[in-house]
>>> print(open('structure38.pdb').read())   # PDB, C-alpha atoms, pLDDT in the B column
ATOM      1  CA  MET C   1    -283.688-103.836 101.497  1.00 68.00           C
ATOM      2  CA  GLY C   2    -284.373-102.674 105.035  1.00 89.00           C
ATOM      3  CA  VAL C   3    -284.038-104.579 108.259  1.00 95.00           C
ATOM      4  CA  LEU C   4    -287.819-104.201 108.818  1.00 95.00           C
ATOM      5  CA  ASP C   5    -289.048-105.170 105.325  1.00 95.00           C
ATOM      6  CA  GLY C   6    -292.369-106.993 105.612  1.00 94.00           C
ATOM      7  CA  LYS C   7    -292.990-105.792 109.178  1.00 97.00           C
ATOM      8  CA  THR C   8    -295.800-103.532 110.358  1.00 97.00           C
ATOM      9  CA  VAL C   9    -295.490-101.039 113.211  1.00 97.00           C
ATOM     10  CA  LEU C  10    -298.360 -99.402 115.128  1.00 96.00           C
ATOM     11  CA  ILE C  11    -297.536 -96.023 116.642  1.00 96.00           C
ATOM     12  CA  THR C  12    -299.941 -94.308 119.014  1.00 94.00           C
ATOM     13  CA  GLY C  13    -299.674 -90.536 119.139  1.00 91.00           C
ATOM     14  CA  GLY C  14    -298.130 -90.706 115.691  1.00 91.00           C
ATOM     15  CA  GLY C  15    -299.510 -87.456 114.294  1.00 92.00           C
ATOM     16  CA  SER C  16    -296.575 -85.343 115.476  1.00 93.00           C
ATOM     17  CA  GLY C  17    -293.495 -85.131 117.649  1.00 94.00           C
ATOM     18  CA  ILE C  18    -291.722 -88.273 118.815  1.00 96.00           C
ATOM     19  CA  GLY C  19    -294.349 -90.549 117.269  1.00 95.00           C
ATOM     20  CA  MET C  20    -293.872 -89.021 113.844  1.00 95.00           C
ATOM     21  CA  GLY C  21    -290.092 -89.169 114.233  1.00 96.00           C
ATOM     22  CA  CYS C  22    -290.280 -92.846 115.106  1.00 97.00           C
ATOM     23  CA  ALA C  23    -292.522 -93.436 112.096  1.00 97.00           C
ATOM     24  CA  ALA C  24    -289.943 -91.827 109.796  1.00 96.00           C
ATOM     25  CA  ARG C  25    -287.225 -94.107 111.166  1.00 96.00           C
ATOM     26  CA  PHE C  26    -289.324 -97.272 110.865  1.00 97.00           C
ATOM     27  CA  LEU C  27    -290.215 -96.326 107.281  1.00 97.00           C
ATOM     28  CA  ALA C  28    -286.541 -95.752 106.473  1.00 96.00           C
ATOM     29  CA  ASP C  29    -285.845 -99.275 107.736  1.00 96.00           C
ATOM     30  CA  GLY C  30    -288.539-100.752 105.450  1.00 96.00           C
ATOM     31  CA  ALA C  31    -291.575-101.143 107.723  1.00 97.00           C
ATOM     32  CA  THR C  32    -295.168-100.299 106.955  1.00 97.00           C
ATOM     33  CA  VAL C  33    -296.457 -97.913 109.622  1.00 97.00           C
ATOM     34  CA  THR C  34    -299.919 -97.377 111.083  1.00 96.00           C
ATOM     35  CA  LEU C  35    -300.324 -94.097 112.951  1.00 96.00           C
ATOM     36  CA  MET C  36    -303.059 -93.797 115.556  1.00 96.00           C
ATOM     37  CA  GLY C  37    -304.173 -90.611 117.245  1.00 95.00           C
ATOM     38  CA  ARG C  38    -307.217 -88.565 118.143  1.00 94.00           C
ATOM     39  CA  ASP C  39    -306.844 -85.819 115.530  1.00 95.00           C
ATOM     40  CA  GLU C  40    -307.691 -86.943 111.981  1.00 95.00           C
ATOM     41  CA  ALA C  41    -306.283 -83.762 110.424  1.00 96.00           C
ATOM     42  CA  LYS C  42    -302.907 -84.231 112.155  1.00 95.00           C
ATOM     43  CA  LEU C  43    -302.807 -87.857 111.074  1.00 96.00           C
ATOM     44  CA  ALA C  44    -303.559 -86.937 107.468  1.00 95.00           C
ATOM     45  CA  ALA C  45    -300.843 -84.268 107.512  1.00 96.00           C
ATOM     46  CA  ALA C  46    -298.359 -86.719 109.033  1.00 96.00           C
ATOM     47  CA  ARG C  47    -299.191 -89.309 106.387  1.00 96.00           C
ATOM     48  CA  GLU C  48    -298.572 -86.789 103.638  1.00 96.00           C
ATOM     49  CA  ALA C  49    -295.340 -85.542 105.219  1.00 96.00           C
ATOM     50  CA  LEU C  50    -294.030 -89.091 105.600  1.00 96.00           C
ATOM     51  CA  GLY C  51    -294.721 -90.012 101.996  1.00 92.00           C
ATOM     52  CA  GLY C  52    -297.954 -91.894 102.459  1.00 81.00           C
ATOM     53  CA  GLU C  53    -297.227 -95.013 100.406  1.00 90.00           C
ATOM     54  CA  ARG C  54    -296.533 -97.297 103.387  1.00 96.00           C
ATOM     55  CA  VAL C  55    -298.359 -95.196 105.979  1.00 97.00           C
ATOM     56  CA  ARG C  56    -301.839 -95.985 107.231  1.00 96.00           C
ATOM     57  CA  VAL C  57    -303.789 -93.909 109.723  1.00 96.00           C
ATOM     58  CA  ALA C  58    -306.471 -94.758 112.274  1.00 94.00           C
ATOM     59  CA  ALA C  59    -308.234 -92.046 114.225  1.00 94.00           C
ATOM     60  CA  GLY C  60    -309.125 -93.013 117.766  1.00 94.00           C
ATOM     61  CA  ASP C  61    -308.323 -92.753 121.438  1.00 92.00           C
ATOM     62  CA  VAL C  62    -306.358 -95.639 122.949  1.00 89.00           C
ATOM     63  CA  ALA C  63    -308.171 -95.008 126.239  1.00 91.00           C
ATOM     64  CA  ALA C  64    -311.483 -95.906 124.546  1.00 92.00           C
ATOM     65  CA  GLU C  65    -311.855 -99.673 124.174  1.00 92.00           C
ATOM     66  CA  ALA C  66    -314.190 -99.291 121.182  1.00 91.00           C
ATOM     67  CA  ASP C  67    -311.555 -97.287 119.289  1.00 86.00           C
ATOM     68  CA  VAL C  68    -308.845 -99.858 119.891  1.00 83.00           C
TER      69      VAL C  68
END
>>> encode(input="structure38.pdb", output="structure tokens")
Amino acid sequence: MGVLDGKTVLITGGGSGIGMGCAARFLADGATVTLMGRDEAKLAAAREALGGERVRVAAGDVAAEADV
């Protein structure tokens, strides 16, 4: 049982780097993670690398109101 069981985290820029590292930590603590970024291929690769079961992805640009 993790400290974040039942919680959901949204990470922008989650397809690589610090965002992906944060996602791994949140997952390890029990959270479900949604990754958002502009590159669908990077998001899909990140989802696969992180295990996918509790990882959702949403392609979009946080600077574009319609995407958010």
>>> closest_residue(input="structure38.pdb", among="C:Ala31, C:Ala24, C:Ala44, C:Val62", to="Leu4 (chain C)", atoms="all atoms listed in the file")
C:Ala31
>>> atom_distance(input="structure38.pdb", atom1="CA of Ala63 (chain C)", atom2="CA of Lys42 (chain C)")
18.5 Å
>>> atom_distance(input="structure38.pdb", atom1="CA of Asp39 (chain C)", atom2="CA of Val68 (chain C)")
14.8 Å
>>> resolve_selection(input="structure38.pdb", expression="the PyMOL selection byres ((chain C and resi 23) around 10)", output="MDAnalysis selection string")
chainID C and resid 9:11 14:16 18:22 24:29 31:35 46:47 50 55
>>> write_last_selection(input="structure38.pdb", atoms="C-alpha atoms", output="short mmCIF file (atom, residue, chain, number, x, y, z; two decimals), in the coordinates of the input")
data_model
loop_
_atom_site.label_atom_id
_atom_site.label_comp_id
_atom_site.auth_asym_id
_atom_site.auth_seq_id
_atom_site.Cartn_x
_atom_site.Cartn_y
_atom_site.Cartn_z
CA VAL C 9 -295.49 -101.04 113.21
CA LEU C 10 -298.36 -99.40 115.13
CA ILE C 11 -297.54 -96.02 116.64
CA GLY C 14 -298.13 -90.71 115.69
CA GLY C 15 -299.51 -87.46 114.29
CA SER C 16 -296.58 -85.34 115.48
CA ILE C 18 -291.72 -88.27 118.82
CA GLY C 19 -294.35 -90.55 117.27
CA MET C 20 -293.87 -89.02 113.84
CA GLY C 21 -290.09 -89.17 114.23
CA CYS C 22 -290.28 -92.85 115.11
CA ALA C 24 -289.94 -91.83 109.80
CA ARG C 25 -287.23 -94.11 111.17
CA PHE C 26 -289.32 -97.27 110.86
CA LEU C 27 -290.21 -96.33 107.28
CA ALA C 28 -286.54 -95.75 106.47
CA ASP C 29 -285.85 -99.28 107.74
CA ALA C 31 -291.58 -101.14 107.72
CA THR C 32 -295.17 -100.30 106.96
CA VAL C 33 -296.46 -97.91 109.62
CA THR C 34 -299.92 -97.38 111.08
CA LEU C 35 -300.32 -94.10 112.95
CA ALA C 46 -298.36 -86.72 109.03
CA ARG C 47 -299.19 -89.31 106.39
CA LEU C 50 -294.03 -89.09 105.60
CA VAL C 55 -298.36 -95.20 105.98
#
>>> atom_distance(input="structure38.pdb", atom1="CA of Gly13 (chain C)", atom2="CA of Ala66 (chain C)")
17.1 Å
>>> closest_residue(input="structure38.pdb", among="C:Gly30, C:Ala59, C:Arg54, C:Arg38", to="Asp5 (chain C)", atoms="only C-alpha atoms")
C:Gly30
>>> axis_aligned_box(input="structure38.pdb", around="region 3-20 of chain C", padding_each_side="5 Å", output="lines of an AutoDock Vina configuration file")
center_x = -292.0
center_y = -96.1
center_z = 112.2
size_x = 25.9
size_y = 31.9
size_z = 23.8
